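*Asks:* You'll find work_35.txt just under this line, and it carries compact mmCIF, C-alpha atoms (C1' of nucleotides).
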```txt
# COMPACT_ATOMS: atom_id res chain seq x y z
CA MET A 278 34.27 -20.41 -15.05
CA THR A 279 32.10 -18.84 -12.46
CA SER A 280 31.94 -15.18 -13.32
CA VAL A 281 32.12 -12.40 -10.80
CA GLU A 282 28.62 -11.46 -11.77
CA THR A 283 27.25 -14.87 -10.98
CA ASP A 284 28.97 -14.78 -7.63
CA THR A 285 27.67 -11.48 -6.49
CA ARG A 286 24.32 -12.19 -8.04
CA LEU A 287 23.55 -15.61 -6.75
CA THR A 288 24.41 -15.97 -3.07
CA PRO A 289 21.66 -18.15 -1.59
CA ARG A 290 20.20 -15.50 0.64
CA ARG A 291 20.02 -13.03 -2.20
CA ARG A 292 18.21 -15.58 -4.24
CA GLU A 293 15.68 -16.16 -1.49
CA ILE A 294 15.05 -12.47 -1.22
CA VAL A 295 14.55 -12.11 -4.95
CA GLU A 296 12.13 -14.99 -4.92
CA ALA A 297 10.12 -13.45 -2.12
CA ALA A 298 10.11 -10.15 -3.95
CA ARG A 299 8.88 -11.84 -7.04
CA LEU A 300 6.03 -13.45 -5.18
CA ILE A 301 4.90 -10.13 -3.82
CA LEU A 302 5.14 -8.51 -7.21
CA GLU A 303 3.18 -11.22 -8.97
CA ARG A 304 0.56 -11.49 -6.29
CA ASP A 305 -0.02 -7.92 -5.24
CA GLY A 306 1.59 -5.70 -7.81
CA GLU A 307 4.32 -3.15 -7.76
CA PRO A 308 3.01 -0.79 -5.07
CA ALA A 309 2.97 -3.73 -2.68
CA LEU A 310 6.65 -4.36 -3.16
CA THR A 311 8.04 -2.30 -0.31
CA MET A 312 11.18 -3.00 1.62
CA ARG A 313 9.23 -3.43 4.83
CA ARG A 314 6.72 -5.80 3.35
CA LEU A 315 9.43 -7.83 1.67
CA ALA A 316 11.43 -8.04 4.87
CA ALA A 317 8.36 -9.07 6.83
CA ASP A 318 7.62 -11.87 4.39
CA LEU A 319 11.14 -13.11 4.96
CA GLY A 320 10.86 -12.82 8.72
CA MET A 321 13.25 -9.96 9.05
CA LYS A 322 13.36 -6.19 9.24
CA ALA A 323 13.69 -3.81 6.34
CA PRO A 324 17.13 -2.40 7.10
CA SER A 325 18.60 -5.89 7.02
CA LEU A 326 17.80 -6.12 3.35
CA TYR A 327 20.50 -3.57 2.77
CA LYS A 328 23.06 -6.14 3.80
CA HIS A 329 22.20 -7.92 0.58
CA PHE A 330 21.28 -5.16 -1.85
CA VAL A 331 22.66 -1.67 -1.96
CA ASP A 332 19.25 -0.28 -2.65
CA LYS A 333 15.82 -1.18 -3.88
CA GLU A 334 16.82 -0.63 -7.45
CA ALA A 335 19.47 -3.32 -7.17
CA LEU A 336 16.82 -5.71 -5.98
CA GLU A 337 14.55 -4.77 -8.84
CA LEU A 338 17.38 -5.32 -11.25
CA GLU A 339 17.43 -8.98 -10.27
CA LEU A 340 13.74 -9.21 -11.01
CA ILE A 341 14.43 -7.67 -14.38
CA VAL A 342 17.17 -10.19 -15.09
CA LEU A 343 14.76 -12.93 -14.16
CA GLY A 344 12.19 -11.54 -16.52
CA PHE A 345 14.66 -11.43 -19.37
CA GLU A 346 15.72 -14.98 -18.76
CA GLU A 347 12.18 -16.24 -18.65
CA SER A 348 11.01 -14.38 -21.69
CA ALA A 349 14.08 -15.39 -23.66
CA ALA A 350 13.29 -18.99 -22.78
CA ALA A 351 9.70 -18.48 -23.86
CA PHE A 352 10.79 -17.15 -27.25
CA GLU A 353 13.19 -19.99 -27.77
CA ALA A 354 10.49 -22.47 -26.87
CA ALA A 355 8.11 -20.80 -29.29
CA LEU A 356 10.56 -21.22 -32.14
CA ALA A 357 11.40 -24.77 -31.14
CA THR A 358 7.91 -25.84 -32.18
CA ARG A 359 8.78 -25.01 -35.80
CA PRO A 360 5.68 -22.89 -36.24
CA ARG A 361 4.29 -22.06 -39.65
CA SER A 362 4.86 -18.37 -38.91
CA GLN A 363 7.78 -17.60 -36.65
CA ILE A 364 6.68 -14.03 -36.31
CA ALA A 365 3.18 -14.89 -35.19
CA ALA A 366 4.53 -17.49 -32.81
CA LEU A 367 6.95 -15.03 -31.26
CA GLY A 368 4.21 -12.44 -31.01
CA ALA A 369 1.98 -14.89 -29.22
CA ALA A 370 4.76 -15.86 -26.83
CA TYR A 371 5.55 -12.23 -26.19
CA ARG A 372 1.97 -11.42 -25.43
CA ARG A 373 1.49 -14.44 -23.25
CA TYR A 374 4.52 -13.66 -21.14
CA ALA A 375 3.48 -10.05 -20.63
CA ARG A 376 -0.07 -10.96 -19.72
CA GLU A 377 1.01 -13.61 -17.28
CA HIS A 378 3.60 -11.38 -15.65
CA PRO A 379 2.45 -7.83 -16.21
CA HIS A 380 4.26 -6.39 -13.21
CA ILE A 381 7.58 -7.89 -14.11
CA TYR A 382 7.06 -6.91 -17.69
CA ARG A 383 6.48 -3.32 -16.68
CA LEU A 384 9.51 -3.38 -14.45
CA MET A 385 11.55 -4.67 -17.38
CA THR A 386 10.54 -1.95 -19.78
CA ASP A 387 9.60 1.10 -17.73
CA ARG A 388 13.06 2.48 -17.32
CA PRO A 389 16.36 2.80 -19.09
CA LEU A 390 18.09 -0.55 -19.21
CA PRO A 391 21.27 -0.64 -17.11
CA ARG A 392 23.07 -2.80 -19.63
CA GLU A 393 26.38 -2.74 -17.82
CA ARG A 394 24.82 -4.42 -14.82
CA LEU A 395 23.10 -7.15 -16.80
CA PRO A 396 24.61 -10.60 -17.32
CA VAL A 397 26.62 -10.54 -20.49
CA GLY A 398 24.64 -11.71 -23.49
CA LEU A 399 21.28 -11.75 -21.79
CA GLU A 400 19.77 -8.88 -23.73
CA TYR A 401 21.10 -10.39 -26.93
CA ARG A 402 19.61 -13.74 -26.10
CA ALA A 403 16.19 -12.21 -25.52
CA ALA A 404 16.37 -10.19 -28.72
CA ALA A 405 17.92 -12.78 -31.04
CA PRO A 406 14.84 -14.84 -31.93
CA LEU A 407 12.94 -11.86 -33.24
CA ALA A 408 15.95 -10.42 -35.00
CA GLN A 409 16.43 -13.69 -36.77
CA ALA A 410 12.76 -14.06 -37.64
CA MET A 411 12.52 -10.58 -39.09
CA GLY A 412 15.70 -10.71 -41.11
CA SER A 413 16.55 -7.05 -40.70
CA VAL A 414 17.49 -4.97 -37.74
CA ALA A 415 15.08 -2.18 -38.54
CA GLY A 416 12.30 -4.67 -39.11
CA ALA A 417 13.06 -6.44 -35.88
CA ARG A 418 12.95 -3.18 -33.98
CA ALA A 419 9.64 -2.28 -35.55
CA ALA A 420 8.23 -5.68 -34.70
CA TRP A 421 9.52 -5.44 -31.17
CA ALA A 422 7.99 -1.99 -30.78
CA LEU A 423 4.71 -3.23 -32.17
CA ALA A 424 4.59 -6.10 -29.72
CA HIS A 425 5.66 -3.88 -26.88
CA GLY A 426 3.07 -1.28 -27.76
CA LEU A 427 0.26 -3.79 -28.05
CA VAL A 428 1.22 -5.42 -24.79
CA MET A 429 1.63 -2.17 -22.92
CA LEU A 430 -1.67 -0.77 -24.10
CA GLU A 431 -3.31 -4.01 -23.12
CA ILE A 432 -1.86 -4.44 -19.66
CA ASN A 433 -2.25 -0.76 -18.89
CA GLY A 434 -5.90 -0.98 -19.79
CA ARG A 435 -5.72 1.55 -22.57
CA PHE A 436 -7.87 -0.16 -25.14
CA PRO A 437 -11.63 0.36 -24.86
CA ALA A 438 -13.25 -2.46 -22.95
CA ASP A 439 -14.83 -3.91 -26.06
CA ALA A 440 -11.75 -3.63 -28.25
CA ASP A 441 -10.82 -6.70 -30.26
CA ILE A 442 -7.21 -6.99 -29.24
CA ASP A 443 -6.74 -10.28 -31.02
CA ALA A 444 -7.67 -8.58 -34.26
CA ALA A 445 -5.16 -5.83 -33.66
CA TRP A 446 -2.47 -8.45 -33.09
CA GLU A 447 -3.42 -10.22 -36.26
CA ALA A 448 -3.30 -7.05 -38.29
CA GLY A 449 0.05 -6.20 -36.75
CA MET A 450 1.58 -9.61 -37.25
CA THR A 451 0.41 -9.69 -40.83
CA ALA A 452 2.06 -6.36 -41.42
CA MET A 453 5.29 -7.60 -39.91
CA GLU A 454 5.30 -10.71 -42.03
CA ARG A 455 4.93 -8.63 -45.13
CA ILE A 456 8.02 -6.59 -44.43
CA ARG A 457 10.11 -9.53 -43.36
CA GLN A 458 13.26 -10.14 -45.33
CA SER A 459 14.80 -13.55 -45.71
CA MET B 74 -23.60 26.10 -23.08
CA THR B 75 -20.92 25.98 -20.50
CA SER B 76 -20.76 22.39 -19.36
CA VAL B 77 -20.36 21.30 -15.81
CA GLU B 78 -17.04 19.80 -16.74
CA THR B 79 -15.70 23.01 -18.10
CA ASP B 80 -16.78 24.79 -14.95
CA THR B 81 -15.14 22.47 -12.51
CA ARG B 82 -12.17 22.04 -14.76
CA LEU B 83 -11.32 25.56 -15.65
CA THR B 84 -11.58 27.90 -12.67
CA PRO B 85 -8.74 30.39 -13.07
CA ARG B 86 -6.81 29.29 -10.05
CA ARG B 87 -7.00 25.67 -11.09
CA ARG B 88 -5.66 26.62 -14.46
CA GLU B 89 -2.73 28.45 -12.91
CA ILE B 90 -1.91 25.44 -10.81
CA VAL B 91 -2.03 23.12 -13.78
CA GLU B 92 0.23 25.43 -15.72
CA ALA B 93 2.75 25.53 -12.91
CA ALA B 94 2.60 21.76 -12.64
CA ARG B 95 3.21 21.47 -16.31
CA LEU B 96 6.25 23.67 -16.13
CA ILE B 97 7.75 21.54 -13.39
CA LEU B 98 7.02 18.37 -15.30
CA GLU B 99 8.53 19.61 -18.53
CA ARG B 100 11.55 21.14 -16.91
CA ASP B 101 12.46 18.66 -14.22
CA GLY B 102 10.54 15.48 -14.88
CA GLU B 103 7.98 13.53 -13.01
CA PRO B 104 9.82 12.90 -9.75
CA ALA B 105 10.13 16.67 -9.34
CA LEU B 106 6.40 17.14 -9.47
CA THR B 107 5.62 17.01 -5.77
CA MET B 108 2.82 18.82 -4.04
CA ARG B 109 5.27 20.82 -1.95
CA ARG B 110 7.37 21.88 -4.88
CA LEU B 111 4.32 22.79 -6.88
CA ALA B 112 2.88 24.80 -4.02
CA ALA B 113 6.18 26.56 -3.46
CA ASP B 114 6.39 27.56 -7.11
CA LEU B 115 2.95 29.09 -6.71
CA GLY B 116 3.89 30.86 -3.49
CA MET B 117 1.72 28.76 -1.28
CA LYS B 118 1.80 25.70 0.92
CA ALA B 119 1.10 22.17 -0.15
CA PRO B 120 -2.10 21.56 1.81
CA SER B 121 -3.73 24.54 0.12
CA LEU B 122 -3.56 22.71 -3.18
CA TYR B 123 -6.20 20.38 -1.84
CA LYS B 124 -8.69 23.24 -1.92
CA HIS B 125 -8.44 22.97 -5.69
CA PHE B 126 -7.83 19.30 -6.37
CA VAL B 127 -9.05 16.37 -4.34
CA ASP B 128 -5.72 14.65 -4.74
CA LYS B 129 -2.61 14.57 -6.82
CA GLU B 130 -4.17 12.25 -9.32
CA ALA B 131 -6.86 14.79 -10.09
CA LEU B 132 -4.16 17.31 -10.83
CA GLU B 133 -2.35 14.87 -13.06
CA LEU B 134 -5.56 14.17 -14.88
CA GLU B 135 -5.62 17.79 -16.01
CA LEU B 136 -2.13 17.39 -17.39
CA ILE B 137 -3.30 14.32 -19.22
CA VAL B 138 -6.24 16.20 -20.69
CA LEU B 139 -3.84 18.88 -21.80
CA GLY B 140 -1.65 16.29 -23.43
CA PHE B 141 -4.55 14.80 -25.31
CA GLU B 142 -5.66 18.18 -26.56
CA GLU B 143 -2.21 19.10 -27.73
CA SER B 144 -1.50 15.83 -29.43
CA ALA B 145 -4.90 15.79 -31.09
CA ALA B 146 -4.14 19.24 -32.44
CA ALA B 147 -0.76 18.04 -33.66
CA PHE B 148 -2.34 15.15 -35.55
CA GLU B 149 -4.92 17.39 -37.11
CA ALA B 150 -2.24 19.82 -38.16
CA ALA B 151 -0.22 17.00 -39.67
CA LEU B 152 -3.14 15.93 -41.82
CA ALA B 153 -3.95 19.49 -42.77
CA THR B 154 -0.74 19.66 -44.79
CA ARG B 155 -2.18 17.06 -47.18
CA PRO B 156 0.91 14.87 -46.90
CA ARG B 157 1.74 12.24 -49.51
CA SER B 158 1.46 9.59 -46.81
CA GLN B 159 -0.99 10.31 -44.05
CA ILE B 160 0.32 7.43 -42.03
CA ALA B 161 3.91 8.57 -42.16
CA ALA B 162 2.85 12.13 -41.37
CA LEU B 163 0.85 11.01 -38.36
CA GLY B 164 3.70 8.83 -37.21
CA ALA B 165 6.09 11.73 -37.44
CA ALA B 166 3.71 13.98 -35.54
CA TYR B 167 3.21 11.31 -32.90
CA ARG B 168 6.90 10.85 -32.45
CA ARG B 169 7.60 14.54 -32.35
CA TYR B 170 5.02 15.18 -29.68
CA ALA B 171 6.31 12.37 -27.48
CA ARG B 172 9.90 13.44 -27.85
CA GLU B 173 9.13 17.03 -27.07
CA HIS B 174 6.96 16.16 -24.08
CA PRO B 175 8.17 12.81 -22.81
CA HIS B 176 6.97 13.31 -19.27
CA ILE B 177 3.48 14.28 -20.27
CA TYR B 178 3.42 11.49 -22.78
CA ARG B 179 4.32 8.98 -20.11
CA LEU B 180 1.72 10.40 -17.79
CA MET B 181 -0.84 10.02 -20.55
CA THR B 182 -0.12 6.38 -21.25
CA ASP B 183 1.30 4.89 -18.08
CA ARG B 184 -1.96 4.11 -16.40
CA PRO B 185 -5.50 3.07 -17.16
CA LEU B 186 -7.38 5.91 -18.78
CA PRO B 187 -10.16 7.29 -16.54
CA ARG B 188 -12.45 7.84 -19.49
CA GLU B 189 -15.41 8.94 -17.41
CA ARG B 190 -13.46 11.89 -16.09
CA LEU B 191 -12.22 13.03 -19.48
CA PRO B 192 -13.97 15.72 -21.49
CA VAL B 193 -16.47 14.06 -23.77
CA GLY B 194 -15.08 13.34 -27.20
CA LEU B 195 -11.48 14.10 -26.37
CA GLU B 196 -10.19 10.57 -26.69
CA TYR B 197 -12.11 10.19 -29.91
CA ARG B 198 -10.66 13.38 -31.29
CA ALA B 199 -7.13 12.21 -30.56
CA ALA B 200 -7.75 8.80 -32.09
CA ALA B 201 -9.77 9.79 -35.14
CA PRO B 202 -7.00 10.89 -37.49
CA LEU B 203 -5.21 7.57 -37.29
CA ALA B 204 -8.42 5.57 -37.45
CA GLN B 205 -9.35 7.39 -40.60
CA ALA B 206 -5.89 7.03 -42.13
CA MET B 207 -5.73 3.32 -41.49
CA GLY B 208 -9.21 2.51 -42.70
CA SER B 209 -9.81 -0.32 -40.25
CA VAL B 210 -10.14 -0.42 -36.53
CA ALA B 211 -7.76 -3.32 -36.09
CA GLY B 212 -5.24 -1.67 -38.38
CA ALA B 213 -5.54 1.60 -36.52
CA ARG B 214 -4.95 -0.13 -33.21
CA ALA B 215 -1.91 -1.91 -34.60
CA ALA B 216 -0.55 1.36 -35.95
CA TRP B 217 -1.21 3.11 -32.70
CA ALA B 218 0.54 0.35 -30.79
CA LEU B 219 3.47 0.48 -33.15
CA ALA B 220 3.85 4.21 -32.70
CA HIS B 221 3.37 3.92 -28.97
CA GLY B 222 5.92 1.13 -28.73
CA LEU B 223 8.51 2.94 -30.79
CA VAL B 224 8.04 6.11 -28.82
CA MET B 225 8.10 4.41 -25.45
CA LEU B 226 11.22 2.43 -26.24
CA GLU B 227 12.84 5.61 -27.45
CA ILE B 228 11.98 7.90 -24.56
CA ASN B 229 12.68 5.21 -22.02
CA GLY B 230 16.12 4.74 -23.50
CA ARG B 231 15.61 1.12 -24.41
CA PHE B 232 17.20 1.07 -27.81
CA PRO B 233 20.95 0.62 -27.94
CA ALA B 234 22.74 3.93 -28.13
CA ASP B 235 23.71 3.41 -31.75
CA ALA B 236 20.31 2.14 -32.89
CA ASP B 237 18.91 3.67 -36.05
CA ILE B 238 15.51 4.62 -34.76
CA ASP B 239 14.59 6.47 -37.92
CA ALA B 240 15.05 3.24 -39.84
CA ALA B 241 12.80 1.37 -37.43
CA TRP B 242 10.13 4.02 -37.93
CA GLU B 243 10.46 3.76 -41.66
CA ALA B 244 10.14 0.01 -41.61
CA GLY B 245 7.15 0.26 -39.32
CA MET B 246 5.38 2.96 -41.30
CA THR B 247 5.92 1.04 -44.51
CA ALA B 248 4.36 -2.01 -42.92
CA MET B 249 1.37 0.01 -41.80
CA GLU B 250 0.87 1.49 -45.22
CA ARG B 251 0.80 -1.96 -46.73
CA ILE B 252 -2.02 -3.13 -44.52
CA ARG B 253 -4.03 0.04 -44.86
CA GLN B 254 -7.51 -0.34 -46.31
CA SER B 255 -9.23 2.42 -48.18
C1' DT C 83 -25.81 48.10 7.56
C1' DA C 84 -24.76 43.94 10.14
C1' DT C 85 -24.28 39.15 9.73
C1' DT C 86 -23.22 35.08 7.61
C1' DC C 87 -21.08 32.08 4.58
C1' DT C 88 -17.62 30.42 1.76
C1' DG C 89 -13.39 30.30 -0.93
C1' DG C 90 -8.86 29.79 -0.17
C1' DG C 91 -5.03 30.29 2.51
C1' DC C 92 -2.16 28.47 6.90
C1' DT C 93 0.03 25.35 10.64
C1' DA C 94 0.49 21.03 12.78
C1' DA C 95 0.60 16.48 12.25
C1' DC C 96 0.37 11.68 10.48
C1' DA C 97 1.52 7.47 7.98
C1' DA C 98 4.19 5.17 4.61
C1' DG C 99 8.24 4.63 2.20
C1' DG C 100 13.40 4.34 1.38
C1' DT C 101 17.47 4.62 3.78
C1' DT C 102 21.54 5.31 7.29
C1' DA C 103 24.01 4.76 11.71
C1' DG C 104 25.52 2.05 14.93
C1' DC C 105 25.04 -1.95 17.93
C1' DT C 106 25.02 -7.14 18.52
C1' DT C 107 25.65 -11.88 17.63
C1' DC C 108 27.36 -15.98 15.78
C1' DG C 109 30.12 -19.02 13.37
C1' DA C 110 34.41 -19.85 10.42
C1' DG C 111 39.14 -19.76 10.39
C1' DC C 112 43.73 -18.55 12.08
C1' DG D 32 41.04 -18.78 22.23
C1' DC D 33 40.63 -14.70 19.33
C1' DT D 34 39.35 -12.26 15.49
C1' DC D 35 36.56 -10.85 12.04
C1' DG D 36 32.98 -10.55 8.79
C1' DA D 37 28.28 -11.71 7.54
C1' DA D 38 23.85 -10.70 8.78
C1' DG D 39 20.60 -9.46 11.88
C1' DC D 40 18.37 -5.52 14.99
C1' DT D 41 16.67 -0.82 16.82
C1' DA D 42 16.36 3.96 16.40
C1' DA D 43 16.05 7.50 13.62
C1' DC D 44 15.81 10.60 9.48
C1' DC D 45 13.92 12.62 5.38
C1' DT D 46 10.55 12.95 1.79
C1' DT D 47 5.95 12.44 0.10
C1' DG D 48 0.94 12.57 0.04
C1' DT D 49 -2.65 13.85 2.85
C1' DT D 50 -6.01 15.32 6.81
C1' DA D 51 -7.70 18.24 10.61
C1' DG D 52 -8.72 22.32 12.11
C1' DC D 53 -8.02 27.27 12.27
C1' DC D 54 -8.43 31.98 10.15
C1' DC D 55 -9.40 35.76 7.15
C1' DA D 56 -11.46 38.55 3.60
C1' DG D 57 -14.85 39.56 0.70
C1' DA D 58 -19.44 38.41 -1.33
C1' DA D 59 -24.08 37.50 -0.30
C1' DT D 60 -27.86 38.06 2.36
C1' DA D 61 -31.10 39.51 6.21
```
Represent the supplied structure as structure tokens.

*Replies:*
Amino acid sequence: MTSVETDTRLTPRRREIVEAARLILERDGEPALTMRRLAADLGMKAPSLYKHFVDKEALELELIVLGFEESAAAFEAALATRPRSQIAALGAAYRRYAREHPHIYRLMTDRPLPRERLPVGLEYRAAAPLAQAMGSVAGARAAWALAHGLVMLEINGRFPADADIDAAWEAGMTAMERIRQS
Amino acid sequence: MTSVETDTRLTPRRREIVEAARLILERDGEPALTMRRLAADLGMKAPSLYKHFVDKEALELELIVLGFEESAAAFEAALATRPRSQIAALGAAYRRYAREHPHIYRLMTDRPLPRERLPVGLEYRAAAPLAQAMGSVAGARAAWALAHGLVMLEINGRFPADADIDAAWEAGMTAMERIRQS
DNA sequence: TATTCTGGGCTAACAAGGTTAGCTTCGAGC
DNA sequence: GCTCGAAGCTAACCTTGTTAGCCCAGAATA
């Protein structure tokens, strides 16, 4: 049951391009991800990229999808260890992913999410672990926002240099545990 | 005791330019804020702007300063009403400011904060109300992150269209109240 | 008063970035 | 053997930030 999405998404050349783009992003950050640079890394010229992606945004969307898949996997793995506190474990996984892939993380969250162009169920899969751990939708959204806020402030260098970010996470996770509903 | 900062910051022409920039930002969003458009709105040409600001970032910094001043004032006003819950009142003020000025808010938080180029004490002034209300530094940072996360997810259109954002705020504010320390 | 300096404007121009138009080439399939 | 589409290329365009270098008017100074 190969879906149309998979087809259009996963042609080999497209995949190669996305991988190259990812490398650039991880290594040199978002400003470095230009069509010309990407093409050069692939041994071709920028306009040729448009044979594979309608525009840069479409390319970035694939990076976003990748990010969702990876972070969803990270959350699932975190829960699979049967941690004493699911919430803390998810928080730690969330933070780790964002710190290890800050550029992708930013790409994933900076803009409105084009849900209709995402693989079906992907967003749900990424959100489910936390929703389940928090026991209420409102609580899950608060916890997500807390994690997102902490991560964003951290990777955007908004905390003072001497700030104890671990302590802020602990305070936050404690607060989330206290409002959790079974 | 006119400080050097005030001098270089507040020459009348600079102020006019910042005001025009702010108008563009509020009305048409960040992509609309180009040097040419800004210059045109002021009846001049783009290169002339560089007689007043070394680069675009310096201009944006003034918008950021403005945003900090306004939001600090909003927090102070919120506390001045002697609300039953300071935390909830600050949260509401935070959210209101971000929703009313999403572009400035994003500008303020999107990037590392160039503290050395900010008026002395401004960041502290903006942060103090929450720090005081939460009673602990870690708690204040968690609360700040929560508010920031909720606001960012909201203005970036990340919640599902039918999401009950009010409920998420309530859950979050409740959690923060419970970890508050007098 | 005559000169000088400087603040603030202008034009021309550049480089970088995304993107389009239109040509070519090559291999699969009829 | 011919066709056709996928995938490359060059040339070019527009927008954006930015620099170089010119000019003018009014304040400051000799």

*Asks:* Using only C-alpha atoms (C1' of nucleotides), what does the table of chain D residues within 12 Å of chain A look like, with each row giving the shortest atom pair and its distance in Å to one decimal, sorted by chain and ascending number, as a Markdown table?

*Replies:*
```
| residue | atom | partner | partner_atom | distance |
| --- | --- | --- | --- | --- |
| D:DG36 | C1' | A:Lys328 | CA | 11.9 |
| D:DA37 | C1' | A:Lys328 | CA | 8.5 |
| D:DA38 | C1' | A:Lys328 | CA | 6.8 |
| D:DG39 | C1' | A:Ser325 | CA | 6.4 |
| D:DC40 | C1' | A:Lys322 | CA | 7.7 |
| D:DT41 | C1' | A:Pro324 | CA | 9.9 |
| D:DA42 | C1' | A:Pro324 | CA | 11.3 |
| D:DA43 | C1' | A:Pro324 | CA | 11.9 |
```

*Asks:* Taking all atoms listed in the file into account, name the residue in A:Ala410, A:Ala375, A:Val397, A:Ala298 that is nearest to A:Arg361.

*Replies:*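 Of all the options, A:Ala410 lies closest to A:Arg361.
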
*Asks:* Identify all chain A residues at most 9 Å from chain C by counting all atoms listed in the file; ligands do not count. Present them as a PyMOL selection string.

*Replies:* chain A and resi 311-313+324+327+332-333

*Asks:* Residues of chain B no more than 12 Å from chain A, counting only C-alpha atoms: send them over as a compact mmCIF listing (two decimals) with C-alpha atoms, in the frame of the given file.

*Replies:*
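Output below, filename part-v9.txt:
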```
# COMPACT_ATOMS: atom_id res chain seq x y z
CA ARG B 179 4.32 8.98 -20.11
CA LEU B 180 1.72 10.40 -17.79
CA MET B 181 -0.84 10.02 -20.55
CA THR B 182 -0.12 6.38 -21.25
CA ASP B 183 1.30 4.89 -18.08
CA ARG B 184 -1.96 4.11 -16.40
CA PRO B 185 -5.50 3.07 -17.16
CA LEU B 186 -7.38 5.91 -18.78
CA PRO B 187 -10.16 7.29 -16.54
CA ARG B 188 -12.45 7.84 -19.49
CA GLU B 189 -15.41 8.94 -17.41
CA GLU B 196 -10.19 10.57 -26.69
CA TYR B 197 -12.11 10.19 -29.91
CA ALA B 200 -7.75 8.80 -32.09
CA MET B 207 -5.73 3.32 -41.49
CA SER B 209 -9.81 -0.32 -40.25
CA VAL B 210 -10.14 -0.42 -36.53
CA ALA B 211 -7.76 -3.32 -36.09
CA GLY B 212 -5.24 -1.67 -38.38
CA ALA B 213 -5.54 1.60 -36.52
CA ARG B 214 -4.95 -0.13 -33.21
CA ALA B 215 -1.91 -1.91 -34.60
CA ALA B 216 -0.55 1.36 -35.95
CA TRP B 217 -1.21 3.11 -32.70
CA ALA B 218 0.54 0.35 -30.79
CA LEU B 219 3.47 0.48 -33.15
CA ALA B 220 3.85 4.21 -32.70
CA HIS B 221 3.37 3.92 -28.97
CA GLY B 222 5.92 1.13 -28.73
CA LEU B 223 8.51 2.94 -30.79
CA VAL B 224 8.04 6.11 -28.82
CA MET B 225 8.10 4.41 -25.45
CA LEU B 226 11.22 2.43 -26.24
CA GLU B 227 12.84 5.61 -27.45
CA ILE B 228 11.98 7.90 -24.56
CA ASN B 229 12.68 5.21 -22.02
CA GLY B 230 16.12 4.74 -23.50
CA ARG B 231 15.61 1.12 -24.41
CA PHE B 232 17.20 1.07 -27.81
CA PRO B 233 20.95 0.62 -27.94
CA ALA B 234 22.74 3.93 -28.13
CA ALA B 236 20.31 2.14 -32.89
CA ASP B 237 18.91 3.67 -36.05
CA ILE B 238 15.51 4.62 -34.76
CA ASP B 239 14.59 6.47 -37.92
CA ALA B 240 15.05 3.24 -39.84
CA ALA B 241 12.80 1.37 -37.43
CA TRP B 242 10.13 4.02 -37.93
CA GLU B 243 10.46 3.76 -41.66
CA ALA B 244 10.14 0.01 -41.61
CA GLY B 245 7.15 0.26 -39.32
CA MET B 246 5.38 2.96 -41.30
CA THR B 247 5.92 1.04 -44.51
CA ALA B 248 4.36 -2.01 -42.92
CA MET B 249 1.37 0.01 -41.80
CA GLU B 250 0.87 1.49 -45.22
CA ARG B 251 0.80 -1.96 -46.73
CA ILE B 252 -2.02 -3.13 -44.52
CA ARG B 253 -4.03 0.04 -44.86
CA GLN B 254 -7.51 -0.34 -46.31
```

*Asks:* Give me the residues near A:Ala309 as a list in words, where near means some atom within 12 Å (using all atoms listed in the file) and where sequence neighbours in that chain fewer than 3 positions away do not count.

*Replies:* Ala298, Arg299, Leu300, Ile301, Leu302, Glu303, Arg304, Asp305, Gly306, Met312, Arg313, Arg314, Leu315, Asp318 and His380 of chain A; DA98 and DG99 of chain C

*Asks:* For atom CA of B:Phe126 and atom CA of B:Pro192, quote the distance in Å rounded to one decimal.

*Replies:*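 Distance reported for this atom pair: 16.7 Å.
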
*Asks:* With only C-alpha atoms (C1' of nucleotides) as the basis for distance, which of B:Leu106, B:Val91, B:Leu83, B:Leu163 is at the shortest distance from D:DT47?

*Replies:*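 Comparing B:Leu106, B:Val91, B:Leu83, B:Leu163 against D:DT47, the winner is B:Leu106.
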